[in-house]
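Student: Input: one structure, supplied below.
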Amino acid sequence: MVGEEVVPMDDKAKRMRDLLSSFYSPDPSISNNTSKHASLDDINSTSFDPDQYMNILAHKSNLEGLLQRHVEMAAEIKNLDTDLQMLVYENYNKFISATDTIKRMKSNISGMETNMEQLLEKIMSVQSRSDSVNTSLFDKREHIEKLHRTCNLLRKVQFIYDLPDRLSKCIKSEAYADAVRFYIGAMPIFKAYGDSSFRDCKQASEEAIAVVVKNLQGKLFSDSESIQVRADAAVLLKQLDFPVNNLKAKLFEKLEQSITDIRLNPEEINNPSGDRSTHEAAIHEFVEAVCAFRVIFPDSEEQLVKVAEDLVTKNFVIAEEYVKTRISPEDLLGVLRVIWNDVLLIDEVLQEAALSNHSLEAAKVVVTSFVRSAFFHLLQDISDSLLQILKKEGAEQCTLDVVLDASTKAVLQGGLNVLLDFRKILDDDSGILVRLRELIIDWVQEGLQEFFRQLEDQFLLFSGRNHSSIQVHGLAEGTQGDKAFAGLVLVLAQLSAFIEQTVIPKVTEEIAASFSGGSVRGYESGPAFVPGEICRKFRSAGEKFLHLYINMRNQRVSLLLKKRFTTPNWVKHKEPREVHMFVDLFLQELEIIVNEVKQILPQGRRKHHRTDSNGSSASSRSNPLREEKLVRSNTQRARSQLLETHLAKLFKQKVEIFTKVEYTQESVVTTLVKLGLKSFQEFVRLQTFNRSGFQQIQLDIQFVRIPLREIVEDEAAIDFLLDEVIVATAERCLDPIPLEPPILDKLIRAKLAKTEEQNTISS
């Protein structure tokens, strides 16, 4: 206090200011360092000199600047006074609160000192009484403790004397664990006094324990005993210091043999009424045996890992064979859950095996096998639905529309059902399947791409040019076989178009919705499922099948034409009496074709429809050879008519004969009729006709004109080709005199009446 009184007032004010500044400054060290190096005109510096500041300010500023600085300093002083006042008020409130707290503390502890003194007196009283009690009971306590030690010693001596009898009872009851525990407990006494006081007891006990060792060895090597019992026997032998390491090889051999009894039974697992307890008990027994072996043979981890891997591998091999059959995804999930639970149980006691990683590789094989098996069975279902056409005679043969409907359902609904099954596997929350999610997506997409490739190959196999597929499936050769085979090819054509236009878009939508992702393949490999490529393949395959069907049916028509033109001698042909039976066969063949395409292909639009053909007379007038009455029989006039016909063809409007074949009934039938008539024309050009032969061809062509118009879409082209046949026949005729229209109409009406009569009789 004396030192502070001598400090001048100015210095005290500076020190208070520095204290306040250091209290409110963020970093006092920075503030102090800054103040030391501040300039002389810094008013906030601790080394501020008012006189020097005024001299500098008066030297640097004019009167207006001094007045302005005066106003600024007055405002700053006012602000500082206000801040100081607020600081004082705040500190004053804190001082008042601290004072009140101190007062409360004083009032609360005012009577505590008296209570503490009373407590101390009571503690001292209790301690003195406790000391007096301990002193009075000390001798008795010592005597009691001595008697207790003597009693324990006598109990131990009694236990030693009773040990041979105890061991005999344990042997009779096969309580070998108790026998070993009793004998080990008596070993310290036998080591200390076994050669003197307890010699007889030691000898009897050793004889009894020898029997125990012999019985334990018997259990250890008994095939009828469980793994756990044998492991317990080994543990007891090891506690008796028996050299069990010599038995390690035999024990592991038996352990390896025991895993053959742990056999996974998928049918029993997936059977709701099946009993899984047998498998679960066997796995728990194996786990307990592994625990026991780790205790008996601490260095046996490598062998135990191998045994565990063999067990898990065996179960996955069984699962792989199981998924090759037709199973549901629930069946697969049930088997995988059982195997995964087994793996988790073994991993708990044998972490070194890392069976979860080992199982992951084996599970990949099982799941990929399931994916391949599912697509294989789908391909088999589609093939079976198609091969219904190829049943032998005598069996119930399906119509083409039924086969097509069954095949489209097998492809579309079957494919979507397979993807739904894969989705169930993908949504399963089993640990092993969650880790395979991306791989499963890749496998499904790759499998789908491969499935459609194999489906295309199967279609090509069924449409073999040499009918090898028919012979493989045992279909009899001949007319029935050719008919069935051609129908199959037509079904394949329409089914290929259906796959391209309907199946692939729906499958692509399902893939995008449920199987997007799968980054395991890598971007350089590209997507596993390429719908555009599949569409191109089936579009091309459908066109090939459609042309193959047309070629097959055209070959049948060509065979009829060949027989028609190679059998008679056209130079010596007799006068025509009726329409030749070849026309009936030709129309029957066309009727078969029309019935087939009506069952499979949709209707198209007709073009070049002509309404002026209302009978055979009108038809005969439409022929350029019959534009005027052919009443003269002069050969020269007939030849001049033929020349006129050729000249008329030059000025005739060009007719497009062969166009692109479309997936419609009319397009296919029209193409086949055009090809047949073109073949007709080529066969005509290879023959030489007399007048009667020419007239027979004229009659046949005129008769088929109206039926052909009813089934084709391009009547103009058909009329043109029919006229071409007549012209070609006239060119190859020695005396091309046509039939007169009345005779032509009479023969046609007679044929129509005969045909109607036959139809009435047959119906």
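Residue names in the structure tokens use chain letters A, B, ... in the order shown, residue numbers from 1 in each chain, and ligand numbers from 1 in the order shown.
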Leaving out Asp584 in chain A and any residue of its chain fewer than 2 positions from it, which residues lie within 12 Å of it when counting only C-alpha atoms, given as a PyMOL selection string?
Tutor: chain A and resi 560+564+578-582+586-591+700-701+703-704+707+751-752+754-755
Student: Would you export the selected residues with N, CA and C atoms as a compact mmCIF listing (two decimals), in the first residue's frame, please?
Tutor:
```
# COMPACT_ATOMS: atom_id res chain seq x y z
N LEU A 560 -45.24 -80.45 -108.82
CA LEU A 560 -46.50 -80.74 -109.52
C LEU A 560 -46.40 -80.35 -110.99
N ARG A 564 -46.62 -82.66 -114.36
CA ARG A 564 -47.65 -82.33 -115.36
C ARG A 564 -47.06 -82.26 -116.76
N GLU A 578 -62.01 -81.71 -120.63
CA GLU A 578 -62.30 -81.10 -119.31
C GLU A 578 -61.02 -80.47 -118.77
N VAL A 579 -61.20 -79.73 -117.69
CA VAL A 579 -60.04 -79.15 -116.99
C VAL A 579 -59.21 -80.29 -116.42
N HIS A 580 -57.90 -80.22 -116.61
CA HIS A 580 -57.02 -81.31 -116.18
C HIS A 580 -56.97 -81.39 -114.64
N MET A 581 -56.79 -82.63 -114.16
CA MET A 581 -56.74 -82.83 -112.70
C MET A 581 -55.55 -82.12 -112.05
N PHE A 582 -54.56 -81.76 -112.85
CA PHE A 582 -53.44 -80.98 -112.31
C PHE A 582 -53.92 -79.68 -111.67
N PHE A 586 -53.12 -78.30 -108.03
CA PHE A 586 -52.52 -76.97 -107.87
C PHE A 586 -53.34 -76.11 -106.91
N LEU A 587 -54.66 -76.12 -107.08
CA LEU A 587 -55.53 -75.33 -106.20
C LEU A 587 -55.55 -75.89 -104.78
N GLN A 588 -55.47 -77.22 -104.66
CA GLN A 588 -55.39 -77.82 -103.32
C GLN A 588 -54.11 -77.38 -102.60
N GLU A 589 -53.02 -77.35 -103.33
CA GLU A 589 -51.76 -76.90 -102.73
C GLU A 589 -51.87 -75.44 -102.29
N LEU A 590 -52.49 -74.62 -103.13
CA LEU A 590 -52.69 -73.22 -102.75
C LEU A 590 -53.62 -73.09 -101.55
N GLU A 591 -54.62 -73.97 -101.46
CA GLU A 591 -55.54 -73.94 -100.32
C GLU A 591 -54.79 -74.27 -99.02
N ASP A 700 -57.00 -74.74 -118.84
CA ASP A 700 -56.54 -74.81 -117.45
C ASP A 700 -56.27 -73.42 -116.88
N ILE A 701 -55.61 -72.60 -117.68
CA ILE A 701 -55.29 -71.24 -117.20
C ILE A 701 -56.55 -70.43 -116.99
N PHE A 703 -59.46 -71.50 -116.19
CA PHE A 703 -60.21 -71.98 -115.03
C PHE A 703 -59.63 -71.46 -113.72
N VAL A 704 -58.31 -71.38 -113.63
CA VAL A 704 -57.69 -70.95 -112.37
C VAL A 704 -57.66 -69.44 -112.22
N PRO A 707 -60.24 -68.21 -109.23
CA PRO A 707 -59.79 -68.58 -107.87
C PRO A 707 -58.52 -67.86 -107.44
N LYS A 751 -66.83 -78.13 -115.27
CA LYS A 751 -65.86 -78.40 -114.19
C LYS A 751 -66.36 -77.83 -112.87
N LEU A 752 -66.95 -76.64 -112.92
CA LEU A 752 -67.47 -76.03 -111.69
C LEU A 752 -68.61 -76.86 -111.13
N LYS A 754 -69.12 -80.09 -111.56
CA LYS A 754 -68.55 -81.33 -111.04
C LYS A 754 -67.89 -81.10 -109.69
N THR A 755 -67.18 -79.99 -109.56
CA THR A 755 -66.52 -79.67 -108.29
C THR A 755 -67.55 -79.44 -107.19
```
Student: Show which residues sit within 9 Å of range 187-199 of chain A, as a list in words. Count only C-alpha atoms, and ignore same-chain residues fewer than 5 positions away.
Tutor: Ile160, Tyr161, Phe182 and Ala204 of chain A
Student: Filtering to N, CA and C atoms, could you give me those residues as a PDB file, in the first residue's frame?
Tutor:
```pdb
ATOM      1  N   ILE A 160      -8.282 -87.811   0.596  1.00  0.00           N
ATOM      2  CA  ILE A 160      -7.222 -88.667   0.052  1.00  0.00           C
ATOM      3  C   ILE A 160      -7.529 -90.133   0.328  1.00  0.00           C
ATOM      4  N   TYR A 161      -7.987 -90.415   1.540  1.00  0.00           N
ATOM      5  CA  TYR A 161      -8.291 -91.809   1.878  1.00  0.00           C
ATOM      6  C   TYR A 161      -9.512 -92.318   1.093  1.00  0.00           C
ATOM      7  N   PHE A 182     -10.913 -85.131  -9.648  1.00  0.00           N
ATOM      8  CA  PHE A 182     -10.528 -85.580  -8.296  1.00  0.00           C
ATOM      9  C   PHE A 182      -9.051 -85.957  -8.245  1.00  0.00           C
ATOM     10  N   ALA A 204      -3.551 -97.212  -5.094  1.00  0.00           N
ATOM     11  CA  ALA A 204      -4.915 -97.561  -5.495  1.00  0.00           C
ATOM     12  C   ALA A 204      -5.487 -96.535  -6.470  1.00  0.00           C
TER      13      ALA A 204
END
```
Student: Leaving out Gln217 in chain A and any residue of its chain fewer than 5 positions from it, which residues lie within 9 Å of it when counting only C-alpha atoms, given as a list in words?
Tutor: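 In the requested form, the answer reads Val212, Ser222, Arg230, Ala233, Ala234 and Leu237 of chain A.
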Student: Store the residues picked out above, limited to N, CA and C atoms, as a PDB file, in the first residue's frame.
Tutor:
```
ATOM      1  N   VAL A 212      -9.287 -95.467 -16.042  1.00  0.00           N
ATOM      2  CA  VAL A 212      -9.913 -94.293 -16.660  1.00  0.00           C
ATOM      3  C   VAL A 212      -9.230 -93.962 -17.985  1.00  0.00           C
ATOM      4  N   SER A 222     -13.419 -94.893 -30.805  1.00  0.00           N
ATOM      5  CA  SER A 222     -14.654 -95.597 -31.100  1.00  0.00           C
ATOM      6  C   SER A 222     -15.432 -94.855 -32.187  1.00  0.00           C
ATOM      7  N   ARG A 230     -15.561 -87.856 -28.316  1.00  0.00           N
ATOM      8  CA  ARG A 230     -14.160 -88.187 -28.545  1.00  0.00           C
ATOM      9  C   ARG A 230     -13.254 -86.996 -28.246  1.00  0.00           C
ATOM     10  N   ALA A 233     -12.886 -86.754 -24.532  1.00  0.00           N
ATOM     11  CA  ALA A 233     -11.952 -87.780 -24.051  1.00  0.00           C
ATOM     12  C   ALA A 233     -10.515 -87.346 -24.277  1.00  0.00           C
ATOM     13  N   ALA A 234     -10.244 -86.725 -25.436  1.00  0.00           N
ATOM     14  CA  ALA A 234      -8.887 -86.250 -25.704  1.00  0.00           C
ATOM     15  C   ALA A 234      -8.478 -85.151 -24.733  1.00  0.00           C
ATOM     16  N   LEU A 237      -7.612 -86.793 -21.413  1.00  0.00           N
ATOM     17  CA  LEU A 237      -6.314 -87.464 -21.492  1.00  0.00           C
ATOM     18  C   LEU A 237      -5.173 -86.455 -21.449  1.00  0.00           C
TER      19      LEU A 237
END
```
Student: Excluding same-chain residues fewer than 2 positions from range 675-682 of chain A, what lies within 8 Å of it counting only C-alpha atoms, as a VMD selection string?
Tutor: chain A and resid 554 557 to 558 561 671 to 673 684 to 686 721 to 722 724 to 725 728 to 729
Student: Need the shell around range 417-425 of chain A: protein/DNA/RNA residues with any atom at most 10 Å away, counting only C-alpha atoms. Skip same-chain ones fewer than 2 positions apart. Format as an MDAnalysis selection string?
Tutor: chainID A and resid 328:330 332:333 367 370:371 374:375 377:378 410:415 427:430 433:434 437 440:441 444:445 448 507 510:511 514:515
Student: Would you save the residues of that selection, restricted to N, CA and C atoms, as an mmCIF file, in the first residue's frame?
Tutor:
```
data_model
loop_
_atom_site.group_PDB
_atom_site.id
_atom_site.type_symbol
_atom_site.label_atom_id
_atom_site.label_comp_id
_atom_site.auth_asym_id
_atom_site.auth_seq_id
_atom_site.Cartn_x
_atom_site.Cartn_y
_atom_site.Cartn_z
ATOM 1 N N SER A 328 -37.191 -73.426 -58.187
ATOM 2 C CA SER A 328 -37.650 -72.048 -58.040
ATOM 3 C C SER A 328 -36.571 -71.229 -57.336
ATOM 4 N N PRO A 329 -36.647 -69.893 -57.436
ATOM 5 C CA PRO A 329 -35.658 -69.072 -56.711
ATOM 6 C C PRO A 329 -35.752 -69.253 -55.199
ATOM 7 N N GLU A 330 -36.956 -69.547 -54.697
ATOM 8 C CA GLU A 330 -37.093 -69.795 -53.253
ATOM 9 C C GLU A 330 -36.296 -71.020 -52.835
ATOM 10 N N LEU A 332 -33.517 -72.111 -54.264
ATOM 11 C CA LEU A 332 -32.103 -71.717 -54.250
ATOM 12 C C LEU A 332 -31.783 -70.889 -53.012
ATOM 13 N N LEU A 333 -32.656 -69.933 -52.690
ATOM 14 C CA LEU A 333 -32.410 -69.079 -51.524
ATOM 15 C C LEU A 333 -32.398 -69.901 -50.237
ATOM 16 N N VAL A 367 -24.674 -69.570 -58.328
ATOM 17 C CA VAL A 367 -25.631 -68.602 -58.881
ATOM 18 C C VAL A 367 -25.535 -68.556 -60.407
ATOM 19 N N PHE A 370 -27.336 -71.447 -61.722
ATOM 20 C CA PHE A 370 -28.788 -71.247 -61.667
ATOM 21 C C PHE A 370 -29.259 -70.374 -62.825
ATOM 22 N N VAL A 371 -28.507 -69.310 -63.127
ATOM 23 C CA VAL A 371 -28.884 -68.421 -64.235
ATOM 24 C C VAL A 371 -28.850 -69.184 -65.554
ATOM 25 N N ALA A 374 -31.751 -71.693 -65.663
ATOM 26 C CA ALA A 374 -33.055 -71.059 -65.900
ATOM 27 C C ALA A 374 -33.237 -70.741 -67.384
ATOM 28 N N PHE A 375 -32.208 -70.178 -68.011
ATOM 29 C CA PHE A 375 -32.308 -69.879 -69.441
ATOM 30 C C PHE A 375 -32.356 -71.161 -70.270
ATOM 31 N N HIS A 377 -33.746 -74.061 -69.378
ATOM 32 C CA HIS A 377 -35.097 -74.612 -69.289
ATOM 33 C C HIS A 377 -36.100 -73.750 -70.065
ATOM 34 N N LEU A 378 -35.867 -72.428 -70.086
ATOM 35 C CA LEU A 378 -36.729 -71.562 -70.898
ATOM 36 C C LEU A 378 -36.576 -71.905 -72.377
ATOM 37 N N ALA A 410 -44.562 -68.745 -74.385
ATOM 38 C CA ALA A 410 -43.348 -69.312 -73.795
ATOM 39 C C ALA A 410 -42.192 -68.320 -73.854
ATOM 40 N N VAL A 411 -42.083 -67.574 -74.964
ATOM 41 C CA VAL A 411 -40.983 -66.615 -75.102
ATOM 42 C C VAL A 411 -41.212 -65.393 -74.225
ATOM 43 N N LEU A 412 -42.376 -64.767 -74.356
ATOM 44 C CA LEU A 412 -42.628 -63.506 -73.654
ATOM 45 C C LEU A 412 -42.851 -63.725 -72.164
ATOM 46 N N GLN A 413 -43.906 -64.492 -71.830
ATOM 47 C CA GLN A 413 -44.216 -64.677 -70.415
ATOM 48 C C GLN A 413 -43.134 -65.486 -69.717
ATOM 49 N N GLY A 414 -42.611 -66.497 -70.429
ATOM 50 C CA GLY A 414 -41.535 -67.279 -69.834
ATOM 51 C C GLY A 414 -40.302 -66.439 -69.561
ATOM 52 N N GLY A 415 -39.944 -65.570 -70.505
ATOM 53 C CA GLY A 415 -38.785 -64.700 -70.291
ATOM 54 C C GLY A 415 -38.990 -63.737 -69.146
ATOM 55 N N ASP A 427 -33.137 -59.275 -54.741
ATOM 56 C CA ASP A 427 -33.716 -58.538 -53.610
ATOM 57 C C ASP A 427 -33.477 -59.221 -52.276
ATOM 58 N N ASP A 428 -32.934 -60.432 -52.269
ATOM 59 C CA ASP A 428 -32.707 -61.135 -51.014
ATOM 60 C C ASP A 428 -31.603 -60.430 -50.225
ATOM 61 N N ASP A 429 -31.798 -60.374 -48.904
ATOM 62 C CA ASP A 429 -30.860 -59.645 -48.044
ATOM 63 C C ASP A 429 -29.825 -60.553 -47.394
ATOM 64 N N SER A 430 -29.645 -61.771 -47.907
ATOM 65 C CA SER A 430 -28.615 -62.645 -47.368
ATOM 66 C C SER A 430 -27.241 -62.027 -47.608
ATOM 67 N N LEU A 433 -25.448 -62.959 -50.905
ATOM 68 C CA LEU A 433 -26.051 -62.464 -52.143
ATOM 69 C C LEU A 433 -25.922 -60.953 -52.262
ATOM 70 N N VAL A 434 -25.908 -60.258 -51.143
ATOM 71 C CA VAL A 434 -25.715 -58.807 -51.185
ATOM 72 C C VAL A 434 -24.351 -58.477 -51.781
ATOM 73 N N ARG A 437 -24.384 -58.776 -55.665
ATOM 74 C CA ARG A 437 -25.457 -58.079 -56.381
ATOM 75 C C ARG A 437 -25.004 -57.586 -57.760
ATOM 76 N N ILE A 440 -24.436 -60.459 -60.119
ATOM 77 C CA ILE A 440 -25.680 -61.095 -60.562
ATOM 78 C C ILE A 440 -26.310 -60.292 -61.697
ATOM 79 N N ILE A 441 -26.285 -58.976 -61.598
ATOM 80 C CA ILE A 441 -26.823 -58.136 -62.673
ATOM 81 C C ILE A 441 -26.078 -58.413 -63.977
ATOM 82 N N VAL A 444 -27.039 -61.907 -65.315
ATOM 83 C CA VAL A 444 -28.381 -61.938 -65.923
ATOM 84 C C VAL A 444 -28.344 -61.323 -67.320
ATOM 85 N N GLN A 445 -27.685 -60.176 -67.450
ATOM 86 C CA GLN A 445 -27.630 -59.535 -68.763
ATOM 87 C C GLN A 445 -26.841 -60.388 -69.756
ATOM 88 N N LEU A 448 -28.954 -63.365 -70.683
ATOM 89 C CA LEU A 448 -30.047 -63.007 -71.588
ATOM 90 C C LEU A 448 -29.541 -62.852 -73.018
ATOM 91 N N VAL A 507 -38.539 -56.892 -72.596
ATOM 92 C CA VAL A 507 -37.393 -57.372 -71.813
ATOM 93 C C VAL A 507 -36.432 -56.222 -71.519
ATOM 94 N N GLU A 510 -37.760 -54.235 -68.636
ATOM 95 C CA GLU A 510 -37.560 -54.934 -67.368
ATOM 96 C C GLU A 510 -36.103 -54.874 -66.924
ATOM 97 N N ILE A 511 -35.169 -54.985 -67.870
ATOM 98 C CA ILE A 511 -33.747 -54.894 -67.540
ATOM 99 C C ILE A 511 -33.426 -53.507 -67.000
ATOM 100 N N SER A 514 -35.113 -53.232 -63.369
ATOM 101 C CA SER A 514 -34.721 -54.109 -62.258
ATOM 102 C C SER A 514 -33.269 -54.542 -62.283
ATOM 103 N N PHE A 515 -32.600 -54.438 -63.421
ATOM 104 C CA PHE A 515 -31.234 -54.971 -63.510
ATOM 105 C C PHE A 515 -30.270 -53.934 -64.080
#
```
Student: Report as a PyMOL selection string all protein, DNA and RNA residues lying within 7 Å of Glu500 in chain A, evaluated on only C-alpha atoms, omitting residues in the same chain fewer than 6 positions from it.
Tutor: chain A and resi 535+538-539
Student: Between A:Phe316, A:Asp735, A:Pro243, A:Val229, which has the minimum distance to Ala289 in chain A (counting only C-alpha atoms)?
Tutor: A:Val229
Student: Between CA of Leu119 in chain A and CA of Arg104 in chain A, what is the distance, to one decimal in Å?
Tutor: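 A separation of 23.8 Å between them.
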Student: Compare A:Glu509, A:Trp570, A:Val489, A:Val669 by their minimum atom-to-atom distance to Ile697 in chain A, counting only C-alpha atoms, and give me the closest one.
Tutor: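 For Ile697 in chain A, the nearest of the given residues is A:Trp570.
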